[in-house]
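So this block is start17.cif, mmCIF, C-alpha atoms:
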```cif
data_final
#
loop_
_atom_site.group_PDB
_atom_site.id
_atom_site.type_symbol
_atom_site.label_atom_id
_atom_site.label_comp_id
_atom_site.auth_asym_id
_atom_site.auth_seq_id
_atom_site.Cartn_x
_atom_site.Cartn_y
_atom_site.Cartn_z
ATOM 1 C CA GLU Z 1181 0.000 0.000 0.000
ATOM 2 C CA ALA Z 1182 1.401 3.385 -1.003
ATOM 3 C CA GLY Z 1183 2.040 5.901 1.736
ATOM 4 C CA VAL Z 1184 1.305 9.609 1.774
ATOM 5 C CA THR Z 1185 3.055 11.342 -1.104
ATOM 6 C CA GLN Z 1186 3.885 15.014 -1.513
ATOM 7 C CA PHE Z 1187 5.023 17.083 -4.457
ATOM 8 C CA PRO Z 1188 7.369 18.799 -4.949
ATOM 9 C CA SER Z 1189 10.005 17.645 -2.482
ATOM 10 C CA HIS Z 1190 11.717 21.030 -2.650
ATOM 11 C CA SER Z 1191 10.686 24.442 -3.904
ATOM 12 C CA VAL Z 1192 12.714 27.637 -3.992
ATOM 13 C CA ILE Z 1193 10.784 30.767 -4.904
ATOM 14 C CA GLU Z 1194 11.187 34.496 -4.587
ATOM 15 C CA LYS Z 1195 9.196 36.648 -2.226
ATOM 16 C CA GLY Z 1196 5.933 37.633 -3.857
ATOM 17 C CA GLN Z 1197 5.664 34.551 -6.053
ATOM 18 C CA THR Z 1198 3.041 31.820 -5.793
ATOM 19 C CA VAL Z 1199 3.646 28.188 -4.908
ATOM 20 C CA THR Z 1200 1.261 25.246 -4.838
ATOM 21 C CA LEU Z 1201 2.026 22.141 -2.813
ATOM 22 C CA ARG Z 1202 0.252 18.860 -3.420
ATOM 23 C CA CYS Z 1203 -0.545 15.954 -1.105
ATOM 24 C CA ASP Z 1204 -1.900 12.539 -2.029
ATOM 25 C CA PRO Z 1205 -3.138 10.746 1.098
ATOM 26 C CA ILE Z 1206 -3.221 7.012 1.685
ATOM 27 C CA SER Z 1207 -6.073 5.556 -0.349
ATOM 28 C CA GLY Z 1208 -9.281 5.389 1.676
ATOM 29 C CA HIS Z 1209 -8.185 7.894 4.329
ATOM 30 C CA ASP Z 1210 -10.926 10.461 4.813
ATOM 31 C CA ASN Z 1211 -8.877 12.655 7.140
ATOM 32 C CA LEU Z 1212 -6.134 14.824 5.667
ATOM 33 C CA TYR Z 1213 -3.996 17.242 7.659
ATOM 34 C CA TRP Z 1214 -1.451 19.908 6.772
ATOM 35 C CA TYR Z 1215 1.354 20.806 9.184
ATOM 36 C CA ARG Z 1216 4.396 23.063 8.931
ATOM 37 C CA ARG Z 1217 7.770 23.002 10.645
ATOM 38 C CA VAL Z 1218 9.799 26.189 10.665
ATOM 39 C CA MET Z 1219 13.525 25.628 11.242
ATOM 40 C CA GLY Z 1220 14.261 24.489 14.800
ATOM 41 C CA LYS Z 1221 10.695 24.818 15.989
ATOM 42 C CA GLU Z 1222 7.872 22.396 16.585
ATOM 43 C CA ILE Z 1223 5.677 20.922 13.879
ATOM 44 C CA LYS Z 1224 2.549 23.093 13.844
ATOM 45 C CA PHE Z 1225 -0.926 22.205 12.673
ATOM 46 C CA LEU Z 1226 -2.377 24.189 9.775
ATOM 47 C CA LEU Z 1227 -5.678 22.566 8.869
ATOM 48 C CA HIS Z 1228 -7.739 19.382 8.740
ATOM 49 C CA PHE Z 1229 -10.021 18.057 5.993
ATOM 50 C CA VAL Z 1230 -12.624 15.365 6.430
ATOM 51 C CA LYS Z 1231 -13.218 14.232 2.865
ATOM 52 C CA GLU Z 1232 -13.644 17.502 0.945
ATOM 53 C CA SER Z 1233 -14.769 19.613 3.916
ATOM 54 C CA LYS Z 1234 -12.542 21.790 6.087
ATOM 55 C CA GLN Z 1235 -13.039 20.455 9.609
ATOM 56 C CA ASP Z 1236 -10.566 22.759 11.331
ATOM 57 C CA GLU Z 1237 -8.517 25.552 9.779
ATOM 58 C CA SER Z 1238 -7.550 27.268 13.015
ATOM 59 C CA GLY Z 1239 -3.844 26.878 12.323
ATOM 60 C CA MET Z 1240 -3.768 28.679 8.979
ATOM 61 C CA PRO Z 1241 -1.434 31.669 9.428
ATOM 62 C CA ASN Z 1242 -3.277 34.189 7.260
ATOM 63 C CA ASN Z 1243 -5.293 34.590 4.089
ATOM 64 C CA ARG Z 1244 -2.239 34.133 1.872
ATOM 65 C CA PHE Z 1245 -2.689 30.396 2.441
ATOM 66 C CA LEU Z 1246 -5.438 28.524 0.608
ATOM 67 C CA ALA Z 1247 -6.047 24.798 0.951
ATOM 68 C CA GLU Z 1248 -8.388 22.739 -1.175
ATOM 69 C CA ARG Z 1249 -9.414 19.112 -1.385
ATOM 70 C CA THR Z 1250 -11.800 18.910 -4.293
ATOM 71 C CA GLY Z 1251 -13.414 15.482 -4.595
ATOM 72 C CA GLY Z 1252 -12.048 14.426 -1.248
ATOM 73 C CA THR Z 1253 -8.912 12.809 -2.623
ATOM 74 C CA TYR Z 1254 -5.692 14.795 -3.038
ATOM 75 C CA SER Z 1255 -5.195 18.225 -1.514
ATOM 76 C CA THR Z 1256 -3.348 21.356 -2.545
ATOM 77 C CA LEU Z 1257 -1.953 24.146 -0.404
ATOM 78 C CA LYS Z 1258 -1.321 27.410 -2.224
ATOM 79 C CA VAL Z 1259 0.734 30.248 -0.823
ATOM 80 C CA GLN Z 1260 0.126 33.551 -2.609
ATOM 81 C CA PRO Z 1261 2.043 35.804 -2.375
ATOM 82 C CA ALA Z 1262 4.858 34.034 -0.541
ATOM 83 C CA GLU Z 1263 6.767 35.853 2.200
ATOM 84 C CA LEU Z 1264 10.156 35.070 3.733
ATOM 85 C CA GLU Z 1265 8.582 33.741 6.946
ATOM 86 C CA ASP Z 1266 6.691 31.085 4.966
ATOM 87 C CA SER Z 1267 9.916 29.117 4.554
ATOM 88 C CA GLY Z 1268 9.855 25.729 6.230
ATOM 89 C CA VAL Z 1269 8.896 22.110 5.700
ATOM 90 C CA TYR Z 1270 5.227 21.482 4.940
ATOM 91 C CA PHE Z 1271 3.986 18.047 5.955
ATOM 92 C CA CYS Z 1272 0.788 16.344 4.964
ATOM 93 C CA ALA Z 1273 -0.698 13.516 7.008
ATOM 94 C CA SER Z 1274 -3.721 11.287 6.591
ATOM 95 C CA SER Z 1275 -5.720 8.958 8.787
ATOM 96 C CA GLN Z 1276 -8.690 6.630 8.671
ATOM 97 C CA THR Z 1277 -12.113 7.312 10.129
ATOM 98 C CA LEU Z 1278 -12.029 7.589 13.902
ATOM 99 C CA GLY Z 1279 -10.867 4.613 15.914
ATOM 100 C CA GLN Z 1280 -8.146 3.662 18.358
ATOM 101 C CA GLY Z 1281 -4.866 1.982 17.666
ATOM 102 C CA ASP Z 1282 -1.866 2.514 15.418
ATOM 103 C CA ALA Z 1283 -3.926 1.885 12.274
ATOM 104 C CA TYR Z 1284 -6.061 4.937 12.998
ATOM 105 C CA GLU Z 1285 -3.257 7.355 13.721
ATOM 106 C CA GLN Z 1286 -1.864 9.999 11.381
ATOM 107 C CA TYR Z 1287 0.650 8.867 8.770
ATOM 108 C CA PHE Z 1288 2.927 11.544 7.402
ATOM 109 C CA GLY Z 1289 4.316 12.240 3.970
ATOM 110 C CA PRO Z 1290 7.984 13.136 3.381
ATOM 111 C CA GLY Z 1291 7.241 16.864 3.333
ATOM 112 C CA THR Z 1292 7.889 19.712 0.925
ATOM 113 C CA ARG Z 1293 10.793 21.968 1.834
ATOM 114 C CA LEU Z 1294 9.840 25.515 0.833
ATOM 115 C CA THR Z 1295 12.467 28.231 0.686
ATOM 116 C CA VAL Z 1296 11.376 31.795 0.024
ATOM 117 C CA THR Z 1297 14.221 34.142 -0.912
ATOM 118 C CA GLY I 159 -2.402 27.723 22.770
ATOM 119 C CA GLN I 160 -1.305 24.377 24.088
ATOM 120 C CA GLN I 161 2.414 23.727 24.135
ATOM 121 C CA LEU I 162 4.560 20.707 24.799
ATOM 122 C CA ASN I 163 7.949 21.027 26.465
ATOM 123 C CA GLN I 164 10.223 18.316 25.135
ATOM 124 C CA SER I 165 13.652 17.624 26.583
ATOM 125 C CA PRO I 166 16.455 17.269 26.051
ATOM 126 C CA GLN I 167 16.786 19.269 22.846
ATOM 127 C CA SER I 168 19.696 17.083 21.689
ATOM 128 C CA MET I 169 21.679 14.095 22.866
ATOM 129 C CA PHE I 170 25.079 12.720 21.882
ATOM 130 C CA ILE I 171 25.595 9.150 23.046
ATOM 131 C CA GLN I 172 27.746 6.101 22.437
ATOM 132 C CA GLU I 173 26.384 3.015 20.746
ATOM 133 C CA GLY I 174 24.993 0.639 23.338
ATOM 134 C CA GLU I 175 23.881 3.322 25.780
ATOM 135 C CA ASP I 176 20.301 3.799 26.919
ATOM 136 C CA VAL I 177 18.451 7.018 26.130
ATOM 137 C CA SER I 178 15.560 8.763 27.815
ATOM 138 C CA MET I 179 13.548 11.769 26.656
ATOM 139 C CA ASN I 180 10.320 13.280 27.909
ATOM 140 C CA CYS I 181 7.516 15.701 27.229
ATOM 141 C CA THR I 182 5.400 17.729 29.594
ATOM 142 C CA SER I 183 2.298 19.771 29.026
ATOM 143 C CA SER I 184 0.370 22.364 31.002
ATOM 144 C CA SER I 185 -2.876 20.738 29.907
ATOM 145 C CA ILE I 186 -4.260 17.218 29.799
ATOM 146 C CA PHE I 187 -4.067 15.000 26.727
ATOM 147 C CA ASN I 188 -6.036 11.842 26.031
ATOM 148 C CA THR I 189 -3.470 10.442 23.619
ATOM 149 C CA TRP I 190 0.316 10.636 23.588
ATOM 150 C CA LEU I 191 2.308 9.662 20.506
ATOM 151 C CA TRP I 192 6.001 9.339 19.758
ATOM 152 C CA TYR I 193 7.307 9.830 16.208
ATOM 153 C CA LYS I 194 10.781 9.588 14.669
ATOM 154 C CA GLN I 195 11.950 11.614 11.697
ATOM 155 C CA ASP I 196 14.886 10.549 9.535
ATOM 156 C CA PRO I 197 16.582 13.113 7.253
ATOM 157 C CA GLY I 198 14.476 13.865 4.180
ATOM 158 C CA GLU I 199 11.547 11.845 5.479
ATOM 159 C CA GLY I 200 8.353 12.590 7.329
ATOM 160 C CA PRO I 201 7.682 11.613 10.953
ATOM 161 C CA VAL I 202 7.059 7.893 11.434
ATOM 162 C CA LEU I 203 4.875 6.670 14.282
ATOM 163 C CA LEU I 204 6.793 4.672 16.901
ATOM 164 C CA ILE I 205 4.390 4.242 19.799
ATOM 165 C CA ALA I 206 0.825 5.361 20.583
ATOM 166 C CA LEU I 207 -0.480 5.604 24.160
ATOM 167 C CA TYR I 208 -4.170 5.896 25.068
ATOM 168 C CA LYS I 209 -4.513 5.375 28.823
ATOM 169 C CA ALA I 210 -3.013 7.167 31.806
ATOM 170 C CA GLY I 211 -0.300 4.988 33.309
ATOM 171 C CA GLU I 212 -0.016 2.864 30.148
ATOM 172 C CA LEU I 213 3.456 1.470 29.479
ATOM 173 C CA THR I 214 4.037 0.216 25.927
ATOM 174 C CA SER I 215 7.067 -1.299 24.227
ATOM 175 C CA ASN I 216 8.057 -1.564 20.586
ATOM 176 C CA GLY I 217 11.294 -3.518 20.341
ATOM 177 C CA ARG I 218 13.994 -1.556 22.158
ATOM 178 C CA LEU I 219 11.623 1.381 22.640
ATOM 179 C CA THR I 220 9.439 1.851 25.706
ATOM 180 C CA ALA I 221 7.048 4.737 26.294
ATOM 181 C CA GLN I 222 4.732 5.646 29.137
ATOM 182 C CA PHE I 223 1.619 7.802 29.413
ATOM 183 C CA GLY I 224 1.942 9.781 32.649
ATOM 184 C CA ILE I 225 -0.613 9.297 35.426
ATOM 185 C CA THR I 226 -1.460 13.003 35.434
ATOM 186 C CA ARG I 227 -2.084 12.873 31.647
ATOM 187 C CA LYS I 228 0.312 15.807 31.336
ATOM 188 C CA ASP I 229 3.515 13.983 30.507
ATOM 189 C CA SER I 230 5.096 11.098 28.663
ATOM 190 C CA PHE I 231 8.558 9.632 28.306
ATOM 191 C CA LEU I 232 10.338 7.530 25.711
ATOM 192 C CA ASN I 233 13.249 5.222 26.484
ATOM 193 C CA ILE I 234 15.530 3.601 23.940
ATOM 194 C CA SER I 235 17.662 0.764 25.217
ATOM 195 C CA ALA I 236 21.014 -0.363 23.810
ATOM 196 C CA SER I 237 21.138 2.333 21.131
ATOM 197 C CA ILE I 238 22.471 1.553 17.649
ATOM 198 C CA PRO I 239 23.606 3.903 14.852
ATOM 199 C CA SER I 240 20.274 3.689 13.008
ATOM 200 C CA ASP I 241 18.548 5.248 16.038
ATOM 201 C CA VAL I 242 19.956 8.575 14.855
ATOM 202 C CA GLY I 243 17.227 11.087 14.005
ATOM 203 C CA ILE I 244 14.764 13.517 15.509
ATOM 204 C CA TYR I 245 12.228 12.177 17.990
ATOM 205 C CA PHE I 246 8.973 14.077 18.461
ATOM 206 C CA CYS I 247 6.352 13.701 21.125
ATOM 207 C CA ALA I 248 2.801 14.665 20.208
ATOM 208 C CA GLY I 249 -0.389 14.993 22.183
ATOM 209 C CA ARG I 250 -4.010 15.034 21.198
ATOM 210 C CA ASP I 251 -7.270 15.830 22.990
ATOM 211 C CA GLN I 252 -9.709 13.840 20.882
ATOM 212 C CA ALA I 253 -9.455 11.225 18.169
ATOM 213 C CA GLY I 254 -9.310 12.707 14.694
ATOM 214 C CA THR I 255 -8.155 16.118 15.788
ATOM 215 C CA ALA I 256 -4.893 17.937 15.248
ATOM 216 C CA LEU I 257 -1.682 16.798 16.926
ATOM 217 C CA ILE I 258 0.328 19.165 19.102
ATOM 218 C CA PHE I 259 4.032 18.506 18.807
ATOM 219 C CA GLY I 260 7.064 19.075 20.962
ATOM 220 C CA LYS I 261 10.131 20.729 19.415
ATOM 221 C CA GLY I 262 11.923 17.419 19.031
ATOM 222 C CA THR I 263 14.976 15.685 20.475
ATOM 223 C CA THR I 264 17.865 15.234 18.052
ATOM 224 C CA LEU I 265 19.712 12.005 18.796
ATOM 225 C CA SER I 266 23.262 11.344 17.633
ATOM 226 C CA VAL I 267 24.862 7.938 18.192
ATOM 227 C CA SER I 268 28.568 7.351 17.767
ATOM 228 C CA SER I 269 29.915 3.882 17.181
#
```
Is it possible to give me this structure as structure tokens?
Amino acid sequence: EAGVTQFPSHSVIEKGQTVTLRCDPISGHDNLYWYRRVMGKEIKFLLHFVKESKQDESGMPNNRFLAERTGGTYSTLKVQPAELEDSGVYFCASSQTLGQGDAYEQYFGPGTRLTVT
Amino acid sequence: GQQLNQSPQSMFIQEGEDVSMNCTSSSIFNTWLWYKQDPGEGPVLLIALYKAGELTSNGRLTAQFGITRKDSFLNISASIPSDVGIYFCAGRDQAGTALIFGKGTTLSVSS
């Protein structure tokens, strides 16, 4: 079974440009999460989709960030326009419908390293 | 917002030594998780804990869910070079909700 995949693995853009990150969750996982880790700090929650609906977007930094999950499969996270402080590693995670045990926990993708210059 | 204090920030040990790291929180969690991140990869789940006082092992790894629900520790016994990486604790209030992470413990093992 394929794990969570993310594209691109790295992106270097200039301040003011637009970048779109993509996440493909594990097949059948209704829950999809975006997180971000800024250098040396903790991994911070951005938002949570249940299928195509935004369940919780309390962690989104500002309105320059737009996440979508049309059709409830893959998700995109667009940053427009990018600022220097947006640099970091963006992780996507997915999980099954609620339950207890390792199988129901969040499984992470490899991340997209975004550098804004 | 909720924060987790994870310590130590980094550890440099010799192969064969035991390692211990912990996380504390000012608020109660119902689930504690421990993840490991290798370079260029995403965090991988090591151990999940669901009950206060629960002690769970996964090979050479042992983790405990604190009685107060505000802390957890992870022990690694007889460390080997492939244990190198960043270890994160994470807490969660309810199933299906966002994880709150500690800042990570970077482990270096010399052979």
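Candidate residues Z:Asn1242, Z:Thr1198, Z:Thr1277, Z:Ser1255 were compared for distance to chain I, and the nearest is Z:Thr1277, using only C-alpha atoms.
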Excluding Gly1289 of chain Z and any residue of its chain fewer than 3 positions from it, enumerate the residues within 7 Å of it, using all atoms listed in the file, and give them as a PyMOL selection string.
-> (chain Z and resi 1184-1186+1271-1273) or (chain I and resi 200)
Residues in the PyMOL selection byres ((chain I and resi 250) around 9), expressed as a PyMOL selection string | chain I and resi 186-191+248-249+251-258
Residues returned when the PyMOL selection byres ((chain Z) within 8 of (chain I)) runs on this file, as number ranges by chain | Z: 1211, 1213, 1220-1225, 1227-1228, 1271, 1275, 1277-1282, 1287-1291
Using all atoms listed in the file: which of Z:Glu1265, Z:Glu1285, Z:Asp1204, Z:Glu1248 has the shortest distance to Val1218 of chain Z = Z:Glu1265
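Note that atom CA of His1190 of chain Z and atom CA of Lys194 of chain I are 20.8 Å apart.
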Surrounding residues of Ser185 of chain I excluding itself and chain neighbours under 6 positions, 9 Å, all atoms listed in the file, as a PyMOL selection string = chain I and resi 160-161+227-228
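Note that the spacing between atom CA of Gly211 of chain I and atom CA of Ser237 of chain I amounts to 24.8 Å.
Taken over the shown file, the PyMOL selection byres ((chain Z and resi 1244) around 6) identifies Z:Asn1242, Z:Asn1243, Z:Phe1245, Z:Val1259, Z:Gln1260.
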